[in-house]
file entry.pdb (PDB, C-alpha atoms, pLDDT in the B column)
ATOM      1  CA  GLU U 188      33.036 -26.534   4.981  1.00 68.00           C
ATOM      2  CA  ARG U 189      35.223 -23.852   3.413  1.00 74.00           C
ATOM      3  CA  PRO U 190      34.999 -23.685  -0.413  1.00 73.00           C
ATOM      4  CA  LEU U 191      38.171 -24.148  -2.429  1.00 70.00           C
ATOM      5  CA  GLU U 192      37.826 -20.589  -3.688  1.00 77.00           C
ATOM      6  CA  PHE U 193      35.463 -17.613  -3.573  1.00 81.00           C
ATOM      7  CA  ASN U 194      34.252 -15.507  -6.491  1.00 79.00           C
ATOM      8  CA  ASN U 195      34.998 -12.310  -4.578  1.00 80.00           C
ATOM      9  CA  TRP U 196      35.755 -10.869  -1.145  1.00 82.00           C
ATOM     10  CA  TYR U 197      32.045 -10.388  -0.463  1.00 83.00           C
ATOM     11  CA  GLU U 198      31.409 -14.132  -0.596  1.00 84.00           C
ATOM     12  CA  GLU U 199      34.437 -14.794   1.597  1.00 89.00           C
ATOM     13  CA  THR U 200      33.427 -12.331   4.313  1.00 91.00           C
ATOM     14  CA  LYS U 201      29.907 -13.757   4.369  1.00 88.00           C
ATOM     15  CA  PHE U 202      31.392 -17.209   4.895  1.00 88.00           C
ATOM     16  CA  LEU U 203      33.579 -15.961   7.749  1.00 91.00           C
ATOM     17  CA  ALA U 204      30.596 -14.241   9.401  1.00 91.00           C
ATOM     18  CA  GLU U 205      28.584 -17.446   9.192  1.00 89.00           C
ATOM     19  CA  GLN U 206      31.370 -19.358  10.891  1.00 90.00           C
ATOM     20  CA  LEU U 207      31.129 -16.969  13.836  1.00 90.00           C
ATOM     21  CA  VAL U 208      27.356 -17.470  14.045  1.00 89.00           C
ATOM     22  CA  ILE U 209      27.707 -21.255  13.824  1.00 85.00           C
ATOM     23  CA  SER U 210      30.282 -21.196  16.604  1.00 87.00           C
ATOM     24  CA  TYR U 211      27.972 -19.027  18.730  1.00 84.00           C
ATOM     25  CA  SER U 212      25.005 -21.337  18.054  1.00 82.00           C
ATOM     26  CA  LYS U 213      26.731 -24.228  19.819  1.00 80.00           C
ATOM     27  CA  THR U 214      25.825 -22.607  23.126  1.00 80.00           C
ATOM     28  CA  HIS U 215      22.908 -20.420  21.988  1.00 73.00           C
ATOM     29  CA  ARG U 216      20.304 -22.393  20.061  1.00 70.00           C
ATOM     30  CA  GLU U 217      18.174 -19.377  19.057  1.00 79.00           C
ATOM     31  CA  THR U 218      20.225 -18.557  15.974  1.00 89.00           C
ATOM     32  CA  VAL U 219      19.134 -18.682  12.357  1.00 92.00           C
ATOM     33  CA  ILE U 220      21.236 -18.217   9.216  1.00 92.00           C
ATOM     34  CA  TYR U 221      19.453 -16.888   6.128  1.00 95.00           C
ATOM     35  CA  ARG U 222      21.123 -17.412   2.768  1.00 94.00           C
ATOM     36  CA  PRO U 223      19.337 -15.566  -0.027  1.00 96.00           C
ATOM     37  CA  SER U 224      20.907 -16.003  -3.445  1.00 95.00           C
ATOM     38  CA  ILE U 225      21.232 -12.953  -5.758  1.00 96.00           C
ATOM     39  CA  ILE U 226      18.773 -10.366  -4.466  1.00 97.00           C
ATOM     40  CA  VAL U 227      17.234  -8.070  -7.084  1.00 98.00           C
ATOM     41  CA  GLY U 228      14.371  -5.578  -7.187  1.00 98.00           C
ATOM     42  CA  ARG U 229      10.696  -5.994  -6.441  1.00 98.00           C
ATOM     43  CA  PHE U 230       9.128  -8.522  -8.763  1.00 98.00           C
ATOM     44  CA  ALA U 231       6.111  -6.490  -9.866  1.00 98.00           C
ATOM     45  CA  ASP U 232       7.976  -3.391 -11.050  1.00 98.00           C
ATOM     46  CA  GLY U 233      11.713  -3.886 -10.475  1.00 98.00           C
ATOM     47  CA  PHE U 234      11.866  -1.255  -7.727  1.00 97.00           C
ATOM     48  CA  THR U 235      15.159  -1.243  -5.823  1.00 97.00           C
ATOM     49  CA  THR U 236      17.432   1.161  -3.970  1.00 95.00           C
ATOM     50  CA  SER U 237      20.495  -1.108  -4.119  1.00 95.00           C
ATOM     51  CA  PHE U 238      22.529  -1.318  -7.307  1.00 96.00           C
ATOM     52  CA  GLY U 239      25.536  -3.488  -6.496  1.00 93.00           C
ATOM     53  CA  GLY U 240      26.567  -6.944  -7.687  1.00 91.00           C
ATOM     54  CA  PHE U 241      24.361  -8.096 -10.555  1.00 95.00           C
ATOM     55  CA  TYR U 242      23.222  -4.514 -11.240  1.00 97.00           C
ATOM     56  CA  ARG U 243      26.800  -3.260 -11.307  1.00 96.00           C
ATOM     57  CA  PHE U 244      27.639  -5.777 -14.020  1.00 96.00           C
ATOM     58  CA  LEU U 245      24.645  -4.671 -16.106  1.00 97.00           C
ATOM     59  CA  ALA U 246      25.597  -1.009 -15.573  1.00 97.00           C
ATOM     60  CA  ILE U 247      29.131  -1.645 -16.845  1.00 96.00           C
ATOM     61  CA  LEU U 248      27.721  -3.393 -19.916  1.00 96.00           C
ATOM     62  CA  ASP U 249      25.355  -0.476 -20.490  1.00 96.00           C
ATOM     63  CA  THR U 250      28.193   2.077 -20.291  1.00 94.00           C
ATOM     64  CA  PHE U 251      30.486   0.011 -22.498  1.00 94.00           C
ATOM     65  CA  PHE U 252      27.931  -0.426 -25.272  1.00 93.00           C
ATOM     66  CA  ARG U 253      26.866   3.226 -25.118  1.00 91.00           C
ATOM     67  CA  GLN U 254      30.477   4.376 -25.497  1.00 89.00           C
ATOM     68  CA  VAL U 255      31.105   1.992 -28.374  1.00 87.00           C
ATOM     69  CA  GLN U 256      27.974   3.197 -30.149  1.00 84.00           C
ATOM     70  CA  THR U 257      28.809   6.873 -29.570  1.00 83.00           C
ATOM     71  CA  ARG U 258      32.377   6.547 -30.808  1.00 80.00           C
ATOM     72  CA  ALA U 259      31.294   4.375 -33.700  1.00 76.00           C
ATOM     73  CA  THR U 260      29.252   7.258 -35.057  1.00 71.00           C
ATOM     74  CA  HIS U 261      32.426   9.353 -35.429  1.00 70.00           C
ATOM     75  CA  ALA U 262      34.820   6.683 -36.689  1.00 67.00           C
ATOM     76  CA  ALA U 263      33.062   4.858 -39.483  1.00 63.00           C
ATOM     77  CA  PHE U 264      36.221   3.629 -41.246  1.00 51.00           C
ATOM     78  CA  ILE U 265      37.778   2.187 -38.106  1.00 56.00           C
ATOM     79  CA  ASN U 266      34.527   0.575 -37.100  1.00 64.00           C
ATOM     80  CA  ARG U 267      34.160  -1.208 -40.421  1.00 60.00           C
ATOM     81  CA  PHE U 268      37.715  -2.472 -39.983  1.00 59.00           C
ATOM     82  CA  ILE U 269      36.985  -4.063 -36.588  1.00 75.00           C
ATOM     83  CA  GLY U 270      33.490  -5.189 -37.550  1.00 81.00           C
ATOM     84  CA  ILE U 271      31.249  -2.688 -35.777  1.00 86.00           C
ATOM     85  CA  GLU U 272      28.269  -1.610 -37.865  1.00 86.00           C
ATOM     86  CA  GLN U 273      24.562  -0.923 -37.651  1.00 86.00           C
ATOM     87  CA  GLN U 274      22.233  -3.648 -38.865  1.00 84.00           C
ATOM     88  CA  ASN U 275      18.431  -3.458 -38.812  1.00 87.00           C
ATOM     89  CA  GLY U 276      18.362  -0.976 -35.950  1.00 88.00           C
ATOM     90  CA  TYR U 277      20.940  -2.845 -33.861  1.00 93.00           C
ATOM     91  CA  TRP U 278      24.647  -2.226 -33.388  1.00 92.00           C
ATOM     92  CA  HIS U 279      26.640  -5.283 -34.411  1.00 92.00           C
ATOM     93  CA  ILE U 280      29.554  -5.453 -31.949  1.00 93.00           C
ATOM     94  CA  PRO U 281      31.671  -8.599 -32.498  1.00 94.00           C
ATOM     95  CA  ILE U 282      32.836  -9.747 -29.074  1.00 96.00           C
ATOM     96  CA  ARG U 283      33.526 -13.270 -27.841  1.00 97.00           C
ATOM     97  CA  VAL U 284      33.074 -13.758 -24.109  1.00 97.00           C
ATOM     98  CA  PRO U 285      33.757 -16.765 -21.868  1.00 97.00           C
ATOM     99  CA  GLY U 286      30.450 -18.069 -20.581  1.00 97.00           C
ATOM    100  CA  ARG U 287      27.680 -20.623 -20.861  1.00 97.00           C
ATOM    101  CA  LEU U 288      24.233 -19.746 -22.208  1.00 97.00           C
ATOM    102  CA  GLU U 289      22.647 -22.663 -20.338  1.00 96.00           C
ATOM    103  CA  LYS U 290      24.106 -21.631 -16.969  1.00 96.00           C
ATOM    104  CA  THR U 291      21.497 -20.330 -14.545  1.00 97.00           C
ATOM    105  CA  LEU U 292      21.643 -17.206 -12.395  1.00 97.00           C
ATOM    106  CA  ASN U 293      19.712 -17.567  -9.165  1.00 97.00           C
ATOM    107  CA  LEU U 294      17.851 -14.265  -8.945  1.00 98.00           C
ATOM    108  CA  VAL U 295      15.384 -13.696  -6.097  1.00 98.00           C
ATOM    109  CA  PRO U 296      13.190 -10.572  -5.771  1.00 98.00           C
ATOM    110  CA  ILE U 297      13.488  -8.593  -2.555  1.00 98.00           C
ATOM    111  CA  ASP U 298       9.796  -8.971  -1.699  1.00 98.00           C
ATOM    112  CA  PHE U 299      10.114 -12.780  -1.745  1.00 98.00           C
ATOM    113  CA  VAL U 300      13.215 -12.577   0.469  1.00 98.00           C
ATOM    114  CA  ILE U 301      11.471 -10.338   3.009  1.00 98.00           C
ATOM    115  CA  GLN U 302       8.397 -12.584   3.135  1.00 98.00           C
ATOM    116  CA  GLY U 303      10.609 -15.633   3.501  1.00 98.00           C
ATOM    117  CA  ILE U 304      12.750 -14.223   6.299  1.00 98.00           C
ATOM    118  CA  LEU U 305       9.686 -13.112   8.278  1.00 98.00           C
ATOM    119  CA  ALA U 306       8.011 -16.507   7.912  1.00 98.00           C
ATOM    120  CA  ILE U 307      11.149 -18.362   8.991  1.00 97.00           C
ATOM    121  CA  PHE U 308      11.813 -15.944  11.866  1.00 95.00           C
ATOM    122  CA  HIS U 309       8.370 -16.564  13.371  1.00 95.00           C
ATOM    123  CA  ASP U 310       8.667 -20.372  13.110  1.00 96.00           C
ATOM    124  CA  SER U 311      10.424 -21.916  16.118  1.00 91.00           C
ATOM    125  CA  SER U 312      11.474 -24.947  14.071  1.00 93.00           C
ATOM    126  CA  SER U 313      13.914 -22.683  12.204  1.00 93.00           C
ATOM    127  CA  PHE U 314      16.275 -22.255  15.164  1.00 90.00           C
ATOM    128  CA  GLY U 315      19.796 -23.569  14.770  1.00 87.00           C
ATOM    129  CA  LYS U 316      19.451 -24.130  11.017  1.00 91.00           C
ATOM    130  CA  ILE U 317      20.600 -22.644   7.714  1.00 92.00           C
ATOM    131  CA  HIS U 318      17.842 -21.525   5.348  1.00 96.00           C
ATOM    132  CA  HIS U 319      18.460 -20.970   1.642  1.00 97.00           C
ATOM    133  CA  LEU U 320      16.040 -18.470   0.090  1.00 98.00           C
ATOM    134  CA  VAL U 321      16.468 -19.288  -3.563  1.00 98.00           C
ATOM    135  CA  ASN U 322      14.750 -19.477  -6.915  1.00 97.00           C
ATOM    136  CA  GLN U 323      13.851 -23.064  -7.760  1.00 95.00           C
ATOM    137  CA  ALA U 324      13.517 -22.229 -11.483  1.00 96.00           C
ATOM    138  CA  PRO U 325      16.122 -19.502 -12.116  1.00 97.00           C
ATOM    139  CA  PRO U 326      16.605 -17.847 -15.517  1.00 97.00           C
ATOM    140  CA  THR U 327      19.514 -18.844 -17.739  1.00 97.00           C
ATOM    141  CA  ILE U 328      22.312 -16.594 -18.935  1.00 97.00           C
ATOM    142  CA  GLY U 329      20.902 -17.075 -22.435  1.00 97.00           C
ATOM    143  CA  GLU U 330      17.508 -15.685 -21.388  1.00 98.00           C
ATOM    144  CA  ILE U 331      19.089 -12.719 -19.624  1.00 98.00           C
ATOM    145  CA  LYS U 332      21.389 -12.052 -22.598  1.00 98.00           C
ATOM    146  CA  GLU U 333      18.414 -11.965 -24.978  1.00 97.00           C
ATOM    147  CA  VAL U 334      16.761  -9.240 -22.882  1.00 98.00           C
ATOM    148  CA  VAL U 335      20.014  -7.269 -22.562  1.00 97.00           C
ATOM    149  CA  ASP U 336      20.676  -7.449 -26.305  1.00 97.00           C
ATOM    150  CA  ASN U 337      17.199  -6.113 -27.086  1.00 96.00           C
ATOM    151  CA  LEU U 338      17.229  -3.335 -24.494  1.00 96.00           C
ATOM    152  CA  TYR U 339      20.792  -2.195 -25.274  1.00 95.00           C
ATOM    153  CA  GLY U 340      20.293  -2.531 -29.024  1.00 95.00           C
ATOM    154  CA  VAL U 341      23.286  -4.794 -29.652  1.00 96.00           C
ATOM    155  CA  GLN U 342      24.066  -7.951 -31.566  1.00 95.00           C
ATOM    156  CA  GLY U 343      27.239  -9.911 -32.146  1.00 95.00           C
ATOM    157  CA  VAL U 344      28.192 -10.720 -28.558  1.00 96.00           C
ATOM    158  CA  THR U 345      28.877 -14.451 -28.474  1.00 97.00           C
ATOM    159  CA  LEU U 346      29.411 -16.648 -25.441  1.00 97.00           C
ATOM    160  CA  ILE U 347      31.849 -19.521 -25.846  1.00 97.00           C
ATOM    161  CA  THR U 348      32.810 -22.051 -23.220  1.00 96.00           C
ATOM    162  CA  PRO U 349      35.669 -21.051 -20.899  1.00 95.00           C
ATOM    163  CA  GLU U 350      37.607 -24.085 -22.138  1.00 95.00           C
ATOM    164  CA  GLU U 351      37.361 -22.958 -25.770  1.00 97.00           C
ATOM    165  CA  PHE U 352      38.055 -19.355 -24.857  1.00 97.00           C
ATOM    166  CA  LYS U 353      41.518 -20.221 -23.539  1.00 95.00           C
ATOM    167  CA  SER U 354      42.668 -21.130 -27.046  1.00 96.00           C
ATOM    168  CA  ILE U 355      41.481 -18.019 -28.920  1.00 96.00           C
ATOM    169  CA  ARG U 356      43.393 -14.858 -29.654  1.00 96.00           C
ATOM    170  CA  THR U 357      41.318 -11.910 -28.484  1.00 96.00           C
ATOM    171  CA  THR U 358      40.852  -8.765 -30.543  1.00 93.00           C
ATOM    172  CA  PRO U 359      41.633  -5.327 -29.055  1.00 89.00           C
ATOM    173  CA  LEU U 360      37.891  -4.723 -28.629  1.00 91.00           C
ATOM    174  CA  GLU U 361      37.469  -8.040 -26.822  1.00 95.00           C
ATOM    175  CA  SER U 362      40.447  -7.305 -24.582  1.00 94.00           C
ATOM    176  CA  LEU U 363      38.928  -3.952 -23.646  1.00 93.00           C
ATOM    177  CA  PHE U 364      35.606  -5.587 -22.866  1.00 95.00           C
ATOM    178  CA  LEU U 365      37.196  -8.318 -20.757  1.00 96.00           C
ATOM    179  CA  THR U 366      39.277  -5.822 -18.794  1.00 95.00           C
ATOM    180  CA  THR U 367      36.221  -3.659 -18.130  1.00 94.00           C
ATOM    181  CA  THR U 368      33.965  -6.501 -16.989  1.00 95.00           C
ATOM    182  CA  ASN U 369      36.529  -8.853 -15.413  1.00 93.00           C
ATOM    183  CA  PRO U 370      35.338  -8.592 -11.765  1.00 91.00           C
ATOM    184  CA  TYR U 371      31.892  -9.812 -12.818  1.00 94.00           C
ATOM    185  CA  LEU U 372      32.615 -12.458 -15.444  1.00 94.00           C
ATOM    186  CA  PHE U 373      32.086 -15.199 -12.867  1.00 93.00           C
ATOM    187  CA  TYR U 374      28.356 -14.574 -13.362  1.00 94.00           C
ATOM    188  CA  LEU U 375      28.743 -15.907 -16.901  1.00 96.00           C
ATOM    189  CA  LYS U 376      31.240 -18.726 -16.593  1.00 92.00           C
ATOM    190  CA  ASN U 377      31.538 -20.140 -13.062  1.00 89.00           C
ATOM    191  CA  PRO U 378      29.259 -23.058 -12.165  1.00 87.00           C
ATOM    192  CA  GLU U 379      26.383 -21.966  -9.959  1.00 88.00           C
ATOM    193  CA  PRO U 380      26.322 -23.426  -6.439  1.00 85.00           C
ATOM    194  CA  ARG U 381      23.819 -26.167  -5.704  1.00 86.00           C
ATOM    195  CA  PHE U 382      21.406 -24.864  -3.100  1.00 91.00           C
ATOM    196  CA  VAL U 383      19.778 -27.265  -0.655  1.00 94.00           C
ATOM    197  CA  ASP U 384      16.689 -25.334   0.439  1.00 96.00           C
ATOM    198  CA  THR U 385      14.891 -28.130   2.306  1.00 97.00           C
ATOM    199  CA  ASN U 386      14.837 -26.246   5.619  1.00 97.00           C
ATOM    200  CA  ALA U 387      13.357 -23.093   4.108  1.00 98.00           C
ATOM    201  CA  GLN U 388      10.848 -24.917   1.924  1.00 97.00           C
ATOM    202  CA  LYS U 389       9.345 -26.784   4.880  1.00 97.00           C
ATOM    203  CA  ILE U 390       8.306 -23.433   6.316  1.00 98.00           C
ATOM    204  CA  LEU U 391       7.625 -21.453   3.136  1.00 98.00           C
ATOM    205  CA  GLN U 392       5.319 -24.075   1.659  1.00 97.00           C
ATOM    206  CA  LYS U 393       3.197 -24.087   4.826  1.00 96.00           C
ATOM    207  CA  LYS U 394       2.799 -20.318   4.436  1.00 97.00           C
ATOM    208  CA  GLY U 395       2.148 -20.465   0.700  1.00 97.00           C
ATOM    209  CA  ILE U 396       5.279 -18.443  -0.102  1.00 98.00           C
ATOM    210  CA  PHE U 397       6.970 -19.171  -3.430  1.00 97.00           C
ATOM    211  CA  CYS U 398       9.605 -17.400  -5.484  1.00 98.00           C
ATOM    212  CA  PRO U 399       7.979 -16.058  -8.674  1.00 97.00           C
ATOM    213  CA  GLN U 400       9.374 -17.137 -12.024  1.00 95.00           C
ATOM    214  CA  PHE U 401      11.741 -14.734 -13.743  1.00 96.00           C
ATOM    215  CA  ASP U 402      10.628 -14.816 -17.349  1.00 96.00           C
ATOM    216  CA  ARG U 403      11.918 -12.341 -19.940  1.00 96.00           C
ATOM    217  CA  ALA U 404       9.304  -9.741 -18.996  1.00 97.00           C
ATOM    218  CA  ALA U 405      10.383  -9.824 -15.333  1.00 98.00           C
ATOM    219  CA  ILE U 406      14.059  -9.490 -16.252  1.00 98.00           C
ATOM    220  CA  GLU U 407      13.197  -6.561 -18.504  1.00 98.00           C
ATOM    221  CA  ARG U 408      11.397  -4.809 -15.629  1.00 98.00           C
ATOM    222  CA  LEU U 409      14.499  -5.084 -13.447  1.00 98.00           C
ATOM    223  CA  ILE U 410      16.795  -3.599 -16.073  1.00 98.00           C
ATOM    224  CA  LYS U 411      14.401  -0.842 -17.180  1.00 97.00           C
ATOM    225  CA  PHE U 412      13.905   0.381 -13.625  1.00 97.00           C
ATOM    226  CA  ALA U 413      17.645   0.482 -12.946  1.00 97.00           C
ATOM    227  CA  ARG U 414      18.405   2.240 -16.242  1.00 96.00           C
ATOM    228  CA  HIS U 415      15.696   4.798 -15.545  1.00 95.00           C
ATOM    229  CA  LEU U 416      17.519   5.724 -12.340  1.00 94.00           C
ATOM    230  CA  PHE U 417      20.920   5.664 -14.084  1.00 94.00           C
ATOM    231  CA  TRP U 418      21.990   2.619 -12.077  1.00 95.00           C
ATOM    232  CA  GLY U 419      21.515   4.283  -8.721  1.00 91.00           C
ATOM    233  CA  ARG U 420      22.781   7.771  -9.416  1.00 84.00           C
ATOM    234  CA  GLU U 421      19.194   9.029  -9.031  1.00 61.00           C
ATOM    235  CA  VAL U 422      17.641   7.012  -6.223  1.00 54.00           C
ATOM    236  CA  ARG U 423      14.011   7.826  -5.424  1.00 52.00           C
TER     237      ARG U 423
END

call {"tool": "encode", "arguments": {"input": "entry.pdb", "output": "structure tokens"}}
result
Amino acid sequence: ERPLEFNNWYEETKFLAEQLVISYSKTHRETVIYRPSIIVGRFADGFTTSFGGFYRFLAILDTFFRQVQTRATHAAFINRFIGIEQQNGYWHIPIRVPGRLEKTLNLVPIDFVIQGILAIFHDSSSFGKIHHLVNQAPPTIGEIKEVVDNLYGVQGVTLITPEEFKSIRTTPLESLFLTTTNPYLFYLKNPEPRFVDTNAQKILQKKGIFCPQFDRAAIERLIKFARHLFWGREVR
């Protein structure tokens, strides 16, 4: 069934491709559709060679905060006027953003996805079905934000519900932030899809394959690895 809307063209083209496979499967049973959620780096160390999507959003945040901090050093009077200041080793940057701290983000490490696809591929019961490779206990936006704040050295960014956000008057700094990050704000505010992973779990559980839990330490590993490689500009 076609969704009412897509978050981006990537989601839409994936949907269209699946429709072609589903149509083909009506006469060719040996088809399998794999649906991993948001693929990120290797769980143990964050290693990745792909820096799109979720990583792109984090890279934009990184650049934005770095520029604000750099310019703040040379414009003390203006910064005090708009509320930017250093406090206890952190930069206080007052920005309100539409989003929900309790919303989850279904991150799955690439090694889990590879193991899952191989297990499903070699199981004949998988034919003609859709298999969701997802995290059954995904981290929340609040947990991810806490790690980002600490690593980027910022405070003052506040998430308010999209409904409340519609009634506020944004500051110039907030408008700049929203314009810069607009293509990726759906990560923060749009409800996450409900994944029915029954087909995949029947196979993965038999093989003892489970998605590891993304605690704060795991999220930090992902971000540190990507920052170390300047968000893909220096791929190993």

call {"tool": "residues_around", "arguments": {"input": "entry.pdb", "residues": "U:Lys393", "least_positions_apart": "5", "cutoff": "12 Å", "atoms": "all atoms listed in the file", "output": "mmCIF file with C-alpha atoms, in the coordinates of the input"}}
result
data_model
loop_
_atom_site.group_PDB
_atom_site.id
_atom_site.type_symbol
_atom_site.label_atom_id
_atom_site.label_comp_id
_atom_site.auth_asym_id
_atom_site.auth_seq_id
_atom_site.Cartn_x
_atom_site.Cartn_y
_atom_site.Cartn_z
ATOM 1 C CA GLY U 303 10.609 -15.633 3.501
ATOM 2 C CA ALA U 306 8.011 -16.507 7.912
ATOM 3 C CA ILE U 307 11.149 -18.362 8.991
ATOM 4 C CA ASP U 310 8.667 -20.372 13.110
ATOM 5 C CA ASN U 386 14.837 -26.246 5.619
ATOM 6 C CA ALA U 387 13.357 -23.093 4.108
ATOM 7 C CA GLN U 388 10.848 -24.917 1.924
#

call {"tool": "resolve_selection", "arguments": {"input": "entry.pdb", "expression": "the PyMOL selection byres ((chain U and resi 370) around 12)", "output": "compact mmCIF listing (two decimals) with C-alpha atoms, keeping the file's coordinate frame"}}
result
# COMPACT_ATOMS: atom_id res chain seq x y z
CA ASN U 194 34.25 -15.51 -6.49
CA ASN U 195 35.00 -12.31 -4.58
CA TRP U 196 35.76 -10.87 -1.14
CA TYR U 197 32.04 -10.39 -0.46
CA GLY U 240 26.57 -6.94 -7.69
CA PHE U 241 24.36 -8.10 -10.56
CA ARG U 243 26.80 -3.26 -11.31
CA PHE U 244 27.64 -5.78 -14.02
CA ILE U 247 29.13 -1.64 -16.84
CA PHE U 364 35.61 -5.59 -22.87
CA LEU U 365 37.20 -8.32 -20.76
CA THR U 366 39.28 -5.82 -18.79
CA THR U 367 36.22 -3.66 -18.13
CA THR U 368 33.97 -6.50 -16.99
CA ASN U 369 36.53 -8.85 -15.41
CA TYR U 371 31.89 -9.81 -12.82
CA LEU U 372 32.62 -12.46 -15.44
CA PHE U 373 32.09 -15.20 -12.87
CA TYR U 374 28.36 -14.57 -13.36
CA LEU U 375 28.74 -15.91 -16.90
CA LYS U 376 31.24 -18.73 -16.59

call {"tool": "closest_residue", "arguments": {"input": "entry.pdb", "among": "U:Leu360, U:Arg287, U:Glu351, U:Lys316", "to": "U:Ile328", "atoms": "all atoms listed in the file"}}
result
U:Arg287

call {"tool": "closest_residue", "arguments": {"input": "entry.pdb", "among": "U:Ala246, U:Ile271, U:Val208, U:Ile225", "to": "U:Arg258", "atoms": "only C-alpha atoms"}}
result
U:Ile271

call {"tool": "atom_distance", "arguments": {"input": "entry.pdb", "atom1": "atom CA of U:Pro326", "atom2": "atom CA of U:Glu205"}}
result
27.5 Å

call {"tool": "atom_distance", "arguments": {"input": "entry.pdb", "atom1": "atom CA of U:Asn337", "atom2": "atom CA of U:Val321"}}
result
27.0 Å

call {"tool": "resolve_selection", "arguments": {"input": "entry.pdb", "expression": "the PyMOL selection byres ((chain U and resi 325) around 7)", "output": "JSON, numbers by chain"}}
result
{"U": [291, 292, 293, 294, 322, 323, 324, 326, 327, 401]}

call {"tool": "resolve_selection", "arguments": {"input": "entry.pdb", "expression": "the PyMOL selection byres ((chain U and resi 227) around 12)", "output": "PyMOL selection string"}}
result
chain U and resi 223-226+228-243+292-301+321-322+401+405-406+408-410+412-413

call {"tool": "write_last_selection", "arguments": {"input": "entry.pdb", "atoms": "C-alpha atoms", "output": "JSON list (two decimals), in the coordinates of the input"}}
result
[["chain", "number", "residue", "atom", "x", "y", "z"],
["U", 223, "PRO", "CA", 19.34, -15.57, -0.03],
["U", 224, "SER", "CA", 20.91, -16.00, -3.44],
["U", 225, "ILE", "CA", 21.23, -12.95, -5.76],
["U", 226, "ILE", "CA", 18.77, -10.37, -4.47],
["U", 228, "GLY", "CA", 14.37, -5.58, -7.19],
["U", 229, "ARG", "CA", 10.70, -5.99, -6.44],
["U", 230, "PHE", "CA", 9.13, -8.52, -8.76],
["U", 231, "ALA", "CA", 6.11, -6.49, -9.87],
["U", 232, "ASP", "CA", 7.98, -3.39, -11.05],
["U", 233, "GLY", "CA", 11.71, -3.89, -10.48],
["U", 234, "PHE", "CA", 11.87, -1.25, -7.73],
["U", 235, "THR", "CA", 15.16, -1.24, -5.82],
["U", 236, "THR", "CA", 17.43, 1.16, -3.97],
["U", 237, "SER", "CA", 20.50, -1.11, -4.12],
["U", 238, "PHE", "CA", 22.53, -1.32, -7.31],
["U", 239, "GLY", "CA", 25.54, -3.49, -6.50],
["U", 240, "GLY", "CA", 26.57, -6.94, -7.69],
["U", 241, "PHE", "CA", 24.36, -8.10, -10.56],
["U", 242, "TYR", "CA", 23.22, -4.51, -11.24],
["U", 243, "ARG", "CA", 26.80, -3.26, -11.31],
["U", 292, "LEU", "CA", 21.64, -17.21, -12.40],
["U", 293, "ASN", "CA", 19.71, -17.57, -9.16],
["U", 294, "LEU", "CA", 17.85, -14.26, -8.94],
["U", 295, "VAL", "CA", 15.38, -13.70, -6.10],
["U", 296, "PRO", "CA", 13.19, -10.57, -5.77],
["U", 297, "ILE", "CA", 13.49, -8.59, -2.56],
["U", 298, "ASP", "CA", 9.80, -8.97, -1.70],
["U", 299, "PHE", "CA", 10.11, -12.78, -1.74],
["U", 300, "VAL", "CA", 13.22, -12.58, 0.47],
["U", 301, "ILE", "CA", 11.47, -10.34, 3.01],
["U", 321, "VAL", "CA", 16.47, -19.29, -3.56],
["U", 322, "ASN", "CA", 14.75, -19.48, -6.92],
["U", 401, "PHE", "CA", 11.74, -14.73, -13.74],
["U", 405, "ALA", "CA", 10.38, -9.82, -15.33],
["U", 406, "ILE", "CA", 14.06, -9.49, -16.25],
["U", 408, "ARG", "CA", 11.40, -4.81, -15.63],
["U", 409, "LEU", "CA", 14.50, -5.08, -13.45],
["U", 410, "ILE", "CA", 16.80, -3.60, -16.07],
["U", 412, "PHE", "CA", 13.90, 0.38, -13.62],
["U", 413, "ALA", "CA", 17.64, 0.48, -12.95]]

call {"tool": "closest_residue", "arguments": {"input": "entry.pdb", "among": "U:Val255, U:Glu407, U:Ile355, U:His319", "to": "U:Pro380", "atoms": "all atoms listed in the file"}}
result
U:His319

call {"tool": "closest_residue", "arguments": {"input": "entry.pdb", "among": "U:Gly329, U:Gly343, U:Gly315, U:Gly270", "to": "U:Ile282", "atoms": "all atoms listed in the file"}}
result
U:Gly343

call {"tool": "closest_residue", "arguments": {"input": "entry.pdb", "among": "U:His215, U:Arg189, U:Arg283, U:Arg381", "to": "U:Glu361", "atoms": "only C-alpha atoms"}}
result
U:Arg283

call {"tool": "closest_residue", "arguments": {"input": "entry.pdb", "among": "U:Pro359, U:Gly395, U:Pro378, U:Pro349", "to": "U:Pro285", "atoms": "all atoms listed in the file"}}
result
U:Pro349

call {"tool": "residues_near_point", "arguments": {"input": "entry.pdb", "point": "(25.2, 4.9, -22.0)", "cutoff": "12 Å", "atoms": "all atoms listed in the file", "output": "list in words"}}
result
Leu245, Ala246, Ile247, Leu248, Asp249, Thr250, Phe251, Phe252, Arg253, Gln254, Val255, Gln256, Thr257, Arg258, Leu338, Tyr339, Gly340, Arg414, His415, Phe417 and Trp418 of chain U

call {"tool": "atom_distance", "arguments": {"input": "entry.pdb", "atom1": "atom CA of U:Val383", "atom2": "atom CA of U:Thr200"}}
result
20.8 Å

call {"tool": "axis_aligned_box", "arguments": {"input": "entry.pdb", "around": "stretch 237-254 of chain U", "padding_each_side": "4 Å", "output": "AutoDock Vina command-line options"}}
result
--center_x 25.5 --center_y -1.9 --center_z -14.8 --size_x 18.0 --size_y 20.5 --size_z 29.4
